[in-house]
Amino acid sequence: MAELDLVVTNCRLPDGRVGQHIGVGADGRIAVIAGGAAPAARQVLDAGGDLALPALADAHLHLDKTLFGLPWIPHAAGPTRMSRIETDARVLPGLPLPTAERAAALIRKGLAHGTLHLRSHADITPEFGLSALEATLAAREAFAQACTIQVVAFPQAGVMRAQGTVELLEEGLRMGADLLGGLDPCEVDRDPKGQLDALFALAERFGVGIDIHLHEPGEMGLFSLQEFCARVRAHGMQGKATISHGFCLGGIIESKQQAAAAMMAEAGVALATHGAGGAPLPPLGLLRDAGVGILCGNDNMRDTWGPYGTADMLERAAIIGWRSDWRTDDRLHAMFSIIGAEASRALGVAEHGLEVGRPANLLTLPAEGVPEAIAQHPPRRLVLFEGRLVARDGTALV
Ligand SMILES: [Zn+2]
């Protein structure tokens, strides 16, 4: 075997094996996982018996809105969504740190916690134009050696009510956004047919997936969800469509939840949740058991929408698991699959996992196994992306 580029010694693996080393070749891929004497390598990192896990993925966040990188700014928005949208427009343009640098600060937070795959929404509104998208795309480029980032062209101020937004979204896709976003077609736009028809036509024309924010409650949200799923089927976009939040699913009777879950599974529509703070949580167990893909994300982190969020996906998994009453090891393993392998696949990452031949995207932490890693989310010690050390002891190195 050619000399390894790097070896992480003395790892515990998720399957319970201890004293294992993970060797990485010059191509950044895992070349060997084995016990016994560690092979020679250019760089040796001692995991000290810690658990090694494959990369975590954050399937829903907002890099452009964060206030990380700045001194603490008290929450300024009122209690409604419209107030938060207006606060964005008032506060974000005047911040002393450019969007790309605030985004970088948040990306580094995620890296320090082992989050190596991200899907970020980027606001596109008549007021901001394409500036937030440009900054998010620049951050994606700047961190290409440390993580993967999907960018969603997101009409935060609505589509039909915000004149010129369809054209801006189109330009955003031309500039390199990976997916198309949307927002509450009834409640914000009061024109569900108008918004959804416009979005699906654009998505089909550019061959991109679609991921819409759906905060609408109860029956109103369910109506939008039904209209969304019908268009996913009509446009042949099964497997490329996501409903973010889907609070309505937590606010309808169980027979309707079952019917909605069956509809989503049949249409290949995933649900992305952040744990629904302040709103009814969708029934994740029921949805997953019905075959609906579940994604998890941190959503807003220390930003104009709220002060919370640490960019730790294990902590987020614990919050969502706690709210969902997922207590058994089986459920905790399912949650780990949701924030790891399943999310990575949904985020367009072809290869994921601690296996020989796969990219060495991994983290280490002091835990006995996956269930404890989620429930206790202890600090991350080593984080590798494609075989390079990108964070150590809670600090990003890039
Ligand atoms: Zn969001």
# chains A, B, ... in the order shown; residues from 1 in each chain; ligands from 1

call {"tool": "residues_near_ligand", "arguments": {"ligand": "ligand 1", "cutoff": "12 Å", "atoms": "only C-alpha atoms and all ligand atoms", "output": "PyMOL selection string"}}
result
chain A and resi 58-66+81+84-85+119-123+152-156+181-184+211-215+243-246+272-276+296-301+303-306

call {"tool": "residues_around", "arguments": {"residues": "Pro366 in chain A", "least_positions_apart": "3", "cutoff": "7 Å", "atoms": "only C-alpha atoms", "output": "list in words"}}
result
Asp50, Leu51 and Pro378 of chain A

call {"tool": "atom_distance", "arguments": {"atom1": "CA of Met264 in chain A", "atom2": "CA of Arg331 in chain A"}}
result
21.3 Å

call {"tool": "atom_distance", "arguments": {"atom1": "CA of Val398 in chain A", "atom2": "CA of Phe336 in chain A"}}
result
25.9 Å

call {"tool": "residues_around", "arguments": {"residues": "Pro359 in chain A", "least_positions_apart": "2", "cutoff": "6 Å", "atoms": "only C-alpha atoms", "output": "list of chain:residue names"}}
result
A:Gly28, A:Arg29, A:Asn361, A:Glu386

call {"tool": "write_last_selection", "arguments": {"atoms": "N, CA and C atoms", "output": "short mmCIF file (atom, residue, chain, number, x, y, z; two decimals), in the first residue's frame"}}
result
data_model
loop_
_atom_site.label_atom_id
_atom_site.label_comp_id
_atom_site.auth_asym_id
_atom_site.auth_seq_id
_atom_site.Cartn_x
_atom_site.Cartn_y
_atom_site.Cartn_z
N GLY A 28 -7.87 11.56 -0.49
CA GLY A 28 -8.86 12.01 0.49
C GLY A 28 -9.90 10.95 0.82
N ARG A 29 -9.69 9.74 0.32
CA ARG A 29 -10.65 8.66 0.58
C ARG A 29 -10.11 7.69 1.64
N ASN A 361 -14.91 11.82 5.23
CA ASN A 361 -15.69 12.91 5.84
C ASN A 361 -16.20 12.38 7.18
N GLU A 386 -12.85 15.21 3.33
CA GLU A 386 -12.02 14.63 2.27
C GLU A 386 -10.59 14.43 2.75
#

call {"tool": "closest_residue", "arguments": {"among": "A:Pro307, A:Gly221, A:Gly48, A:Gly172", "to": "Ala77 in chain A", "atoms": "only C-alpha atoms"}}
result
A:Pro307

call {"tool": "select_by_dssp", "arguments": {"residues": "range 195-351 of chain A", "states": "alpha helix (DSSP H)", "output": "mmCIF file with N, CA and C atoms, in the first residue's frame"}}
result
data_model
loop_
_atom_site.group_PDB
_atom_site.id
_atom_site.type_symbol
_atom_site.label_atom_id
_atom_site.label_comp_id
_atom_site.auth_asym_id
_atom_site.auth_seq_id
_atom_site.Cartn_x
_atom_site.Cartn_y
_atom_site.Cartn_z
ATOM 1 N N GLN A 195 -48.513 31.115 -7.350
ATOM 2 C CA GLN A 195 -47.142 30.849 -6.902
ATOM 3 C C GLN A 195 -46.653 29.470 -7.339
ATOM 4 N N LEU A 196 -47.467 28.447 -7.076
ATOM 5 C CA LEU A 196 -46.987 27.080 -7.343
ATOM 6 C C LEU A 196 -46.801 26.840 -8.834
ATOM 7 N N ASP A 197 -47.712 27.335 -9.660
ATOM 8 C CA ASP A 197 -47.543 27.167 -11.111
ATOM 9 C C ASP A 197 -46.264 27.846 -11.586
ATOM 10 N N ALA A 198 -46.014 29.062 -11.071
ATOM 11 C CA ALA A 198 -44.816 29.793 -11.493
ATOM 12 C C ALA A 198 -43.551 29.049 -11.054
ATOM 13 N N LEU A 199 -43.541 28.569 -9.805
ATOM 14 C CA LEU A 199 -42.345 27.898 -9.289
ATOM 15 C C LEU A 199 -42.071 26.589 -10.028
ATOM 16 N N PHE A 200 -43.110 25.789 -10.221
ATOM 17 C CA PHE A 200 -42.881 24.489 -10.866
ATOM 18 C C PHE A 200 -42.469 24.656 -12.326
ATOM 19 N N ALA A 201 -43.013 25.671 -12.987
ATOM 20 C CA ALA A 201 -42.593 25.920 -14.373
ATOM 21 C C ALA A 201 -41.104 26.262 -14.416
ATOM 22 N N LEU A 202 -40.677 27.109 -13.464
ATOM 23 C CA LEU A 202 -39.248 27.485 -13.407
ATOM 24 C C LEU A 202 -38.366 26.277 -13.079
ATOM 25 N N ALA A 203 -38.778 25.513 -12.064
ATOM 26 C CA ALA A 203 -37.979 24.363 -11.636
ATOM 27 C C ALA A 203 -37.820 23.377 -12.784
ATOM 28 N N GLU A 204 -38.922 23.162 -13.504
ATOM 29 C CA GLU A 204 -38.832 22.209 -14.621
ATOM 30 C C GLU A 204 -37.912 22.734 -15.716
ATOM 31 N N ARG A 205 -38.033 24.025 -15.996
ATOM 32 C CA ARG A 205 -37.227 24.613 -17.072
ATOM 33 C C ARG A 205 -35.727 24.505 -16.750
ATOM 34 N N PHE A 206 -35.356 24.681 -15.478
ATOM 35 C CA PHE A 206 -33.945 24.641 -15.103
ATOM 36 C C PHE A 206 -33.506 23.255 -14.610
ATOM 37 N N GLY A 218 -52.784 23.983 9.905
ATOM 38 C CA GLY A 218 -53.996 23.184 9.738
ATOM 39 C C GLY A 218 -54.450 22.959 8.313
ATOM 40 N N GLU A 219 -55.747 23.183 8.111
ATOM 41 C CA GLU A 219 -56.371 22.861 6.820
ATOM 42 C C GLU A 219 -55.818 23.720 5.683
ATOM 43 N N MET A 220 -55.441 24.969 6.007
ATOM 44 C CA MET A 220 -54.890 25.825 4.946
ATOM 45 C C MET A 220 -53.560 25.244 4.445
ATOM 46 N N GLY A 221 -52.715 24.848 5.384
ATOM 47 C CA GLY A 221 -51.434 24.262 5.005
ATOM 48 C C GLY A 221 -51.611 22.945 4.270
ATOM 49 N N LEU A 222 -52.598 22.160 4.734
ATOM 50 C CA LEU A 222 -52.847 20.871 4.085
ATOM 51 C C LEU A 222 -53.269 21.080 2.631
ATOM 52 N N PHE A 223 -54.079 22.108 2.390
ATOM 53 C CA PHE A 223 -54.482 22.427 1.013
ATOM 54 C C PHE A 223 -53.242 22.751 0.165
ATOM 55 N N SER A 224 -52.353 23.595 0.691
ATOM 56 C CA SER A 224 -51.135 23.932 -0.059
ATOM 57 C C SER A 224 -50.284 22.681 -0.299
ATOM 58 N N LEU A 225 -50.210 21.839 0.718
ATOM 59 C CA LEU A 225 -49.422 20.605 0.601
ATOM 60 C C LEU A 225 -49.993 19.709 -0.498
ATOM 61 N N GLN A 226 -51.318 19.603 -0.544
ATOM 62 C CA GLN A 226 -51.955 18.777 -1.584
ATOM 63 C C GLN A 226 -51.662 19.349 -2.977
ATOM 64 N N GLU A 227 -51.773 20.667 -3.097
ATOM 65 C CA GLU A 227 -51.499 21.310 -4.388
ATOM 66 C C GLU A 227 -50.035 21.111 -4.796
ATOM 67 N N PHE A 228 -49.142 21.187 -3.800
ATOM 68 C CA PHE A 228 -47.705 20.988 -4.053
ATOM 69 C C PHE A 228 -47.460 19.562 -4.562
ATOM 70 N N CYS A 229 -48.004 18.583 -3.842
ATOM 71 C CA CYS A 229 -47.768 17.179 -4.215
ATOM 72 C C CYS A 229 -48.337 16.885 -5.607
ATOM 73 N N ALA A 230 -49.499 17.468 -5.910
ATOM 74 C CA ALA A 230 -50.098 17.236 -7.231
ATOM 75 C C ALA A 230 -49.161 17.736 -8.337
ATOM 76 N N ARG A 231 -48.524 18.884 -8.102
ATOM 77 C CA ARG A 231 -47.612 19.427 -9.112
ATOM 78 C C ARG A 231 -46.308 18.629 -9.189
ATOM 79 N N VAL A 232 -45.852 18.110 -8.048
ATOM 80 C CA VAL A 232 -44.650 17.263 -8.075
ATOM 81 C C VAL A 232 -44.894 16.066 -8.994
ATOM 82 N N ARG A 233 -46.064 15.456 -8.861
ATOM 83 C CA ARG A 233 -46.389 14.302 -9.714
ATOM 84 C C ARG A 233 -46.533 14.742 -11.169
ATOM 85 N N ALA A 234 -47.232 15.840 -11.392
ATOM 86 C CA ALA A 234 -47.495 16.286 -12.761
ATOM 87 C C ALA A 234 -46.202 16.644 -13.502
ATOM 88 N N GLU A 254 -55.504 12.596 13.093
ATOM 89 C CA GLU A 254 -54.578 11.541 12.682
ATOM 90 C C GLU A 254 -54.951 10.902 11.346
ATOM 91 N N SER A 255 -56.235 10.766 11.064
ATOM 92 C CA SER A 255 -56.601 10.140 9.783
ATOM 93 C C SER A 255 -56.133 11.012 8.613
ATOM 94 N N LYS A 256 -56.177 12.321 8.814
ATOM 95 C CA LYS A 256 -55.689 13.217 7.753
ATOM 96 C C LYS A 256 -54.161 13.207 7.690
ATOM 97 N N GLN A 257 -53.513 13.050 8.861
ATOM 98 C CA GLN A 257 -52.046 12.900 8.855
ATOM 99 C C GLN A 257 -51.662 11.658 8.048
ATOM 100 N N GLN A 258 -52.390 10.557 8.264
ATOM 101 C CA GLN A 258 -52.088 9.306 7.549
ATOM 102 C C GLN A 258 -52.261 9.513 6.040
ATOM 103 N N ALA A 259 -53.344 10.181 5.663
ATOM 104 C CA ALA A 259 -53.602 10.397 4.239
ATOM 105 C C ALA A 259 -52.539 11.312 3.625
ATOM 106 N N ALA A 260 -52.153 12.353 4.377
ATOM 107 C CA ALA A 260 -51.127 13.269 3.869
ATOM 108 C C ALA A 260 -49.785 12.554 3.742
ATOM 109 N N ALA A 261 -49.475 11.688 4.715
ATOM 110 C CA ALA A 261 -48.211 10.946 4.671
ATOM 111 C C ALA A 261 -48.175 10.033 3.452
ATOM 112 N N ALA A 262 -49.299 9.355 3.197
ATOM 113 C CA ALA A 262 -49.358 8.460 2.031
ATOM 114 C C ALA A 262 -49.192 9.258 0.740
ATOM 115 N N MET A 263 -49.818 10.443 0.693
ATOM 116 C CA MET A 263 -49.711 11.303 -0.496
ATOM 117 C C MET A 263 -48.265 11.760 -0.701
ATOM 118 N N MET A 264 -47.612 12.179 0.378
ATOM 119 C CA MET A 264 -46.223 12.641 0.261
ATOM 120 C C MET A 264 -45.302 11.498 -0.148
ATOM 121 N N ALA A 265 -45.500 10.335 0.446
ATOM 122 C CA ALA A 265 -44.640 9.191 0.109
ATOM 123 C C ALA A 265 -44.811 8.837 -1.360
ATOM 124 N N GLU A 266 -46.047 8.844 -1.824
ATOM 125 C CA GLU A 266 -46.329 8.475 -3.215
ATOM 126 C C GLU A 266 -45.742 9.510 -4.182
ATOM 127 N N ALA A 267 -45.752 10.784 -3.771
ATOM 128 C CA ALA A 267 -45.226 11.854 -4.627
ATOM 129 C C ALA A 267 -43.708 12.044 -4.451
ATOM 130 N N LEU A 284 -43.340 12.890 13.108
ATOM 131 C CA LEU A 284 -42.205 12.354 12.348
ATOM 132 C C LEU A 284 -42.221 10.827 12.270
ATOM 133 N N GLY A 285 -42.601 10.181 13.370
ATOM 134 C CA GLY A 285 -42.646 8.719 13.359
ATOM 135 C C GLY A 285 -43.675 8.209 12.356
ATOM 136 N N LEU A 286 -44.855 8.802 12.385
ATOM 137 C CA LEU A 286 -45.927 8.408 11.465
ATOM 138 C C LEU A 286 -45.491 8.632 10.007
ATOM 139 N N LEU A 287 -44.870 9.778 9.756
ATOM 140 C CA LEU A 287 -44.440 10.099 8.391
ATOM 141 C C LEU A 287 -43.355 9.130 7.930
ATOM 142 N N ARG A 288 -42.388 8.892 8.796
ATOM 143 C CA ARG A 288 -41.281 8.004 8.423
ATOM 144 C C ARG A 288 -41.784 6.581 8.200
ATOM 145 N N ASP A 289 -42.673 6.131 9.076
ATOM 146 C CA ASP A 289 -43.222 4.780 8.929
ATOM 147 C C ASP A 289 -44.021 4.654 7.629
ATOM 148 N N MET A 313 -25.681 19.775 14.704
ATOM 149 C CA MET A 313 -26.763 18.892 14.241
ATOM 150 C C MET A 313 -27.070 17.772 15.232
ATOM 151 N N LEU A 314 -26.097 17.370 16.040
ATOM 152 C CA LEU A 314 -26.406 16.353 17.063
ATOM 153 C C LEU A 314 -27.325 16.951 18.127
ATOM 154 N N GLU A 315 -27.046 18.197 18.501
ATOM 155 C CA GLU A 315 -27.925 18.877 19.454
ATOM 156 C C GLU A 315 -29.318 19.066 18.842
ATOM 157 N N ARG A 316 -29.372 19.456 17.576
ATOM 158 C CA ARG A 316 -30.656 19.637 16.901
ATOM 159 C C ARG A 316 -31.423 18.307 16.850
ATOM 160 N N ALA A 317 -30.691 17.225 16.565
ATOM 161 C CA ALA A 317 -31.326 15.897 16.532
ATOM 162 C C ALA A 317 -31.900 15.564 17.907
ATOM 163 N N ALA A 318 -31.177 15.954 18.967
ATOM 164 C CA ALA A 318 -31.664 15.699 20.325
ATOM 165 C C ALA A 318 -32.942 16.498 20.596
ATOM 166 N N ILE A 319 -32.980 17.749 20.135
ATOM 167 C CA ILE A 319 -34.181 18.587 20.334
ATOM 168 C C ILE A 319 -35.382 17.968 19.599
ATOM 169 N N ILE A 320 -35.148 17.588 18.345
ATOM 170 C CA ILE A 320 -36.247 17.027 17.540
ATOM 171 C C ILE A 320 -36.670 15.666 18.109
ATOM 172 N N GLY A 321 -35.683 14.864 18.510
ATOM 173 C CA GLY A 321 -35.998 13.562 19.101
ATOM 174 C C GLY A 321 -36.776 13.714 20.401
ATOM 175 N N TRP A 322 -36.385 14.687 21.199
ATOM 176 C CA TRP A 322 -37.061 14.946 22.482
ATOM 177 C C TRP A 322 -38.501 15.380 22.233
ATOM 178 N N ARG A 323 -38.679 16.307 21.286
ATOM 179 C CA ARG A 323 -40.043 16.778 20.993
ATOM 180 C C ARG A 323 -40.902 15.669 20.384
ATOM 181 N N ASP A 329 -33.150 3.225 21.494
ATOM 182 C CA ASP A 329 -31.949 3.225 20.660
ATOM 183 C C ASP A 329 -32.301 3.100 19.179
ATOM 184 N N ASP A 330 -33.346 2.316 18.877
ATOM 185 C CA ASP A 330 -33.758 2.181 17.472
ATOM 186 C C ASP A 330 -34.109 3.542 16.880
ATOM 187 N N ARG A 331 -34.882 4.339 17.626
ATOM 188 C CA ARG A 331 -35.263 5.663 17.138
ATOM 189 C C ARG A 331 -34.036 6.578 17.042
ATOM 190 N N LEU A 332 -33.110 6.462 18.008
ATOM 191 C CA LEU A 332 -31.909 7.314 17.960
ATOM 192 C C LEU A 332 -31.021 6.932 16.773
ATOM 193 N N HIS A 333 -30.960 5.634 16.469
ATOM 194 C CA HIS A 333 -30.218 5.222 15.266
ATOM 195 C C HIS A 333 -30.915 5.757 14.012
ATOM 196 N N ALA A 334 -32.247 5.718 13.994
ATOM 197 C CA ALA A 334 -32.985 6.263 12.845
ATOM 198 C C ALA A 334 -32.687 7.749 12.698
ATOM 199 N N MET A 335 -32.665 8.456 13.825
ATOM 200 C CA MET A 335 -32.378 9.892 13.787
ATOM 201 C C MET A 335 -30.973 10.134 13.233
ATOM 202 N N PHE A 336 -30.037 9.278 13.617
ATOM 203 C CA PHE A 336 -28.672 9.464 13.100
ATOM 204 C C PHE A 336 -28.620 9.238 11.589
ATOM 205 N N SER A 337 -29.375 8.270 11.125
ATOM 206 C CA SER A 337 -29.437 8.042 9.683
ATOM 207 C C SER A 337 -30.042 9.269 8.982
ATOM 208 N N ALA A 343 -29.793 12.474 4.796
ATOM 209 C CA ALA A 343 -29.707 13.898 4.446
ATOM 210 C C ALA A 343 -28.635 14.124 3.382
ATOM 211 N N SER A 344 -27.509 13.442 3.525
ATOM 212 C CA SER A 344 -26.432 13.628 2.547
ATOM 213 C C SER A 344 -26.918 13.270 1.152
ATOM 214 N N ARG A 345 -27.639 12.154 1.056
ATOM 215 C CA ARG A 345 -28.160 11.730 -0.251
ATOM 216 C C ARG A 345 -29.110 12.808 -0.792
ATOM 217 N N ALA A 346 -29.983 13.309 0.061
ATOM 218 C CA ALA A 346 -30.935 14.337 -0.382
ATOM 219 C C ALA A 346 -30.217 15.613 -0.803
#

call {"tool": "residues_around", "arguments": {"residues": "Gly176 in chain A", "least_positions_apart": "2", "cutoff": "10 Å", "atoms": "only C-alpha atoms", "output": "list in words"}}
result
Leu133, Glu134, Leu137, Gln150, Val151, Val152, Ala153, Glu171, Gly172, Leu173, Arg174, Asp178 and Leu179 of chain A

call {"tool": "residues_around", "arguments": {"residues": "Arg392 in chain A", "least_positions_apart": "3", "cutoff": "9 Å", "atoms": "only C-alpha atoms", "output": "list in words"}}
result
Ala112, Arg380, Arg381, Leu382, Val383, Leu389, Thr395, Ala396 and Leu397 of chain A

call {"tool": "residues_around", "arguments": {"residues": "Val24 in chain A", "least_positions_apart": "6", "cutoff": "9 Å", "atoms": "only C-alpha atoms", "output": "PDB file with N, CA and C atoms, in the first residue's frame"}}
result
ATOM      1  N   LEU A   4       0.145   6.336   3.456  1.00  0.00           N
ATOM      2  CA  LEU A   4      -1.106   7.056   3.651  1.00  0.00           C
ATOM      3  C   LEU A   4      -0.830   8.534   3.905  1.00  0.00           C
ATOM      4  N   ASP A   5      -1.812   9.333   3.562  1.00  0.00           N
ATOM      5  CA  ASP A   5      -1.705  10.766   3.806  1.00  0.00           C
ATOM      6  C   ASP A   5      -1.934  11.057   5.289  1.00  0.00           C
ATOM      7  N   LEU A   6      -2.862  10.327   5.859  1.00  0.00           N
ATOM      8  CA  LEU A   6      -3.269  10.619   7.239  1.00  0.00           C
ATOM      9  C   LEU A   6      -3.851   9.349   7.859  1.00  0.00           C
ATOM     10  N   VAL A   7      -3.627   9.179   9.135  1.00  0.00           N
ATOM     11  CA  VAL A   7      -4.297   8.079   9.833  1.00  0.00           C
ATOM     12  C   VAL A   7      -4.833   8.593  11.165  1.00  0.00           C
ATOM     13  N   VAL A   8      -6.076   8.239  11.451  1.00  0.00           N
ATOM     14  CA  VAL A   8      -6.677   8.540  12.754  1.00  0.00           C
ATOM     15  C   VAL A   8      -6.632   7.243  13.558  1.00  0.00           C
ATOM     16  N   ILE A  30     -11.027   7.037   2.310  1.00  0.00           N
ATOM     17  CA  ILE A  30     -10.640   6.062   3.325  1.00  0.00           C
ATOM     18  C   ILE A  30      -9.986   4.876   2.616  1.00  0.00           C
ATOM     19  N   ALA A  31      -8.736   4.585   3.014  1.00  0.00           N
ATOM     20  CA  ALA A  31      -7.989   3.495   2.376  1.00  0.00           C
ATOM     21  C   ALA A  31      -8.036   2.232   3.227  1.00  0.00           C
ATOM     22  N   VAL A  32      -8.178   2.408   4.532  1.00  0.00           N
ATOM     23  CA  VAL A  32      -8.173   1.237   5.404  1.00  0.00           C
ATOM     24  C   VAL A  32      -8.905   1.564   6.706  1.00  0.00           C
ATOM     25  N   ALA A  41       1.958   7.013   8.122  1.00  0.00           N
ATOM     26  CA  ALA A  41       1.231   8.045   7.375  1.00  0.00           C
ATOM     27  C   ALA A  41       1.945   9.376   7.572  1.00  0.00           C
ATOM     28  N   PRO A 359     -15.135   8.986   0.569  1.00  0.00           N
ATOM     29  CA  PRO A 359     -14.402  10.171   1.036  1.00  0.00           C
ATOM     30  C   PRO A 359     -14.318  10.178   2.564  1.00  0.00           C
ATOM     31  N   ALA A 360     -13.158  10.581   3.084  1.00  0.00           N
ATOM     32  CA  ALA A 360     -12.952  10.591   4.536  1.00  0.00           C
ATOM     33  C   ALA A 360     -13.576  11.843   5.119  1.00  0.00           C
ATOM     34  N   GLU A 386     -12.855  15.206   3.329  1.00  0.00           N
ATOM     35  CA  GLU A 386     -12.019  14.632   2.266  1.00  0.00           C
ATOM     36  C   GLU A 386     -10.589  14.435   2.748  1.00  0.00           C
ATOM     37  N   GLY A 387     -10.478  13.946   3.978  1.00  0.00           N
ATOM     38  CA  GLY A 387      -9.175  13.576   4.516  1.00  0.00           C
ATOM     39  C   GLY A 387      -8.368  14.716   5.100  1.00  0.00           C
TER      40      GLY A 387
END

call {"tool": "closest_residue", "arguments": {"among": "A:Arg140, A:His377, A:His75, A:Arg358", "to": "Ile33 in chain A", "atoms": "only C-alpha atoms"}}
result
A:Arg358

call {"tool": "select_by_dssp", "arguments": {"residues": "range 177-362 of chain A", "states": "strand (DSSP E or B)", "output": "VMD selection string"}}
result
chain A and resid 179 to 183 209 to 214 241 to 245 269 to 273 294 to 296 299 303 306 359 362

call {"tool": "write_last_selection", "arguments": {"atoms": "N, CA and C atoms", "output": "mmCIF file, in the first residue's frame"}}
result
data_model
loop_
_atom_site.group_PDB
_atom_site.id
_atom_site.type_symbol
_atom_site.label_atom_id
_atom_site.label_comp_id
_atom_site.auth_asym_id
_atom_site.auth_seq_id
_atom_site.Cartn_x
_atom_site.Cartn_y
_atom_site.Cartn_z
ATOM 1 N N LEU A 179 -31.343 24.857 -6.110
ATOM 2 C CA LEU A 179 -32.762 24.530 -5.978
ATOM 3 C C LEU A 179 -33.579 25.810 -5.948
ATOM 4 N N LEU A 180 -34.875 25.603 -6.141
ATOM 5 C CA LEU A 180 -35.812 26.722 -6.086
ATOM 6 C C LEU A 180 -36.619 26.642 -4.795
ATOM 7 N N GLY A 181 -36.770 27.784 -4.127
ATOM 8 C CA GLY A 181 -37.561 27.834 -2.903
ATOM 9 C C GLY A 181 -38.950 28.397 -3.154
ATOM 10 N N GLY A 182 -39.715 28.478 -2.099
ATOM 11 C CA GLY A 182 -41.059 29.044 -2.167
ATOM 12 C C GLY A 182 -41.508 29.362 -0.758
ATOM 13 N N LEU A 183 -42.681 29.970 -0.612
ATOM 14 C CA LEU A 183 -43.112 30.401 0.717
ATOM 15 C C LEU A 183 -44.627 30.520 0.785
ATOM 16 N N GLY A 209 -34.383 20.900 -8.268
ATOM 17 C CA GLY A 209 -35.336 20.489 -7.247
ATOM 18 C C GLY A 209 -36.021 21.692 -6.633
ATOM 19 N N ILE A 210 -37.015 21.419 -5.796
ATOM 20 C CA ILE A 210 -37.792 22.493 -5.197
ATOM 21 C C ILE A 210 -37.959 22.213 -3.704
ATOM 22 N N ASP A 211 -37.803 23.259 -2.893
ATOM 23 C CA ASP A 211 -37.879 23.111 -1.431
ATOM 24 C C ASP A 211 -38.582 24.351 -0.894
ATOM 25 N N ILE A 212 -39.870 24.215 -0.547
ATOM 26 C CA ILE A 212 -40.617 25.411 -0.135
ATOM 27 C C ILE A 212 -40.878 25.434 1.374
ATOM 28 N N HIS A 213 -40.789 26.628 1.934
ATOM 29 C CA HIS A 213 -41.175 26.853 3.324
ATOM 30 C C HIS A 213 -42.704 26.822 3.402
ATOM 31 N N LEU A 214 -43.253 25.927 4.210
ATOM 32 C CA LEU A 214 -44.702 25.890 4.409
ATOM 33 C C LEU A 214 -44.995 25.976 5.906
ATOM 34 N N ALA A 241 -38.295 16.992 -4.383
ATOM 35 C CA ALA A 241 -39.157 18.012 -3.782
ATOM 36 C C ALA A 241 -39.183 17.875 -2.261
ATOM 37 N N THR A 242 -39.138 19.018 -1.594
ATOM 38 C CA THR A 242 -39.135 19.043 -0.131
ATOM 39 C C THR A 242 -40.116 20.089 0.369
ATOM 40 N N ILE A 243 -40.851 19.713 1.408
ATOM 41 C CA ILE A 243 -41.640 20.677 2.171
ATOM 42 C C ILE A 243 -40.864 20.981 3.438
ATOM 43 N N SER A 244 -40.467 22.234 3.636
ATOM 44 C CA SER A 244 -39.796 22.608 4.873
ATOM 45 C C SER A 244 -40.838 23.054 5.891
ATOM 46 N N HIS A 245 -40.673 22.586 7.091
ATOM 47 C CA HIS A 245 -41.556 22.852 8.238
ATOM 48 C C HIS A 245 -42.842 22.027 8.211
ATOM 49 N N VAL A 269 -42.157 13.301 -1.872
ATOM 50 C CA VAL A 269 -41.938 14.613 -1.261
ATOM 51 C C VAL A 269 -41.409 14.420 0.159
ATOM 52 N N ALA A 270 -40.230 15.003 0.449
ATOM 53 C CA ALA A 270 -39.633 14.883 1.778
ATOM 54 C C ALA A 270 -40.129 16.010 2.675
ATOM 55 N N LEU A 271 -39.980 15.802 3.980
ATOM 56 C CA LEU A 271 -40.290 16.859 4.945
ATOM 57 C C LEU A 271 -38.994 17.256 5.648
ATOM 58 N N ALA A 272 -38.697 18.561 5.650
ATOM 59 C CA ALA A 272 -37.535 19.053 6.407
ATOM 60 C C ALA A 272 -38.051 19.770 7.644
ATOM 61 N N THR A 273 -37.557 19.348 8.815
ATOM 62 C CA THR A 273 -38.026 19.963 10.056
ATOM 63 C C THR A 273 -36.845 20.471 10.877
ATOM 64 N N ILE A 294 -37.484 12.056 5.790
ATOM 65 C CA ILE A 294 -37.414 13.116 6.803
ATOM 66 C C ILE A 294 -36.023 13.741 6.737
ATOM 67 N N LEU A 295 -35.989 15.059 6.735
ATOM 68 C CA LEU A 295 -34.723 15.795 6.789
ATOM 69 C C LEU A 295 -34.765 16.706 8.005
ATOM 70 N N CYS A 296 -33.600 17.000 8.564
ATOM 71 C CA CYS A 296 -33.541 17.896 9.717
ATOM 72 C C CYS A 296 -32.539 19.010 9.454
ATOM 73 N N ASP A 299 -32.221 25.498 10.712
ATOM 74 C CA ASP A 299 -32.996 26.670 10.290
ATOM 75 C C ASP A 299 -32.301 27.954 10.760
ATOM 76 N N ASP A 303 -30.037 34.848 14.482
ATOM 77 C CA ASP A 303 -30.249 35.751 13.353
ATOM 78 C C ASP A 303 -31.456 36.636 13.592
ATOM 79 N N GLY A 306 -34.418 34.892 15.278
ATOM 80 C CA GLY A 306 -34.387 34.366 16.640
ATOM 81 C C GLY A 306 -32.963 34.221 17.146
ATOM 82 N N PRO A 359 -15.135 8.986 0.569
ATOM 83 C CA PRO A 359 -14.402 10.171 1.036
ATOM 84 C C PRO A 359 -14.318 10.178 2.564
ATOM 85 N N LEU A 362 -15.564 12.791 8.262
ATOM 86 C CA LEU A 362 -15.889 12.166 9.544
ATOM 87 C C LEU A 362 -15.581 13.092 10.710
#

call {"tool": "atom_distance", "arguments": {"atom1": "CA of Leu13 in chain A", "atom2": "CA of Ala52 in chain A"}}
result
5.6 Å

call {"tool": "closest_residue", "arguments": {"among": "A:Leu111, A:Val292, A:Pro282, A:Glu3", "to": "Gln238 in chain A", "atoms": "only C-alpha atoms"}}
result
A:Val292
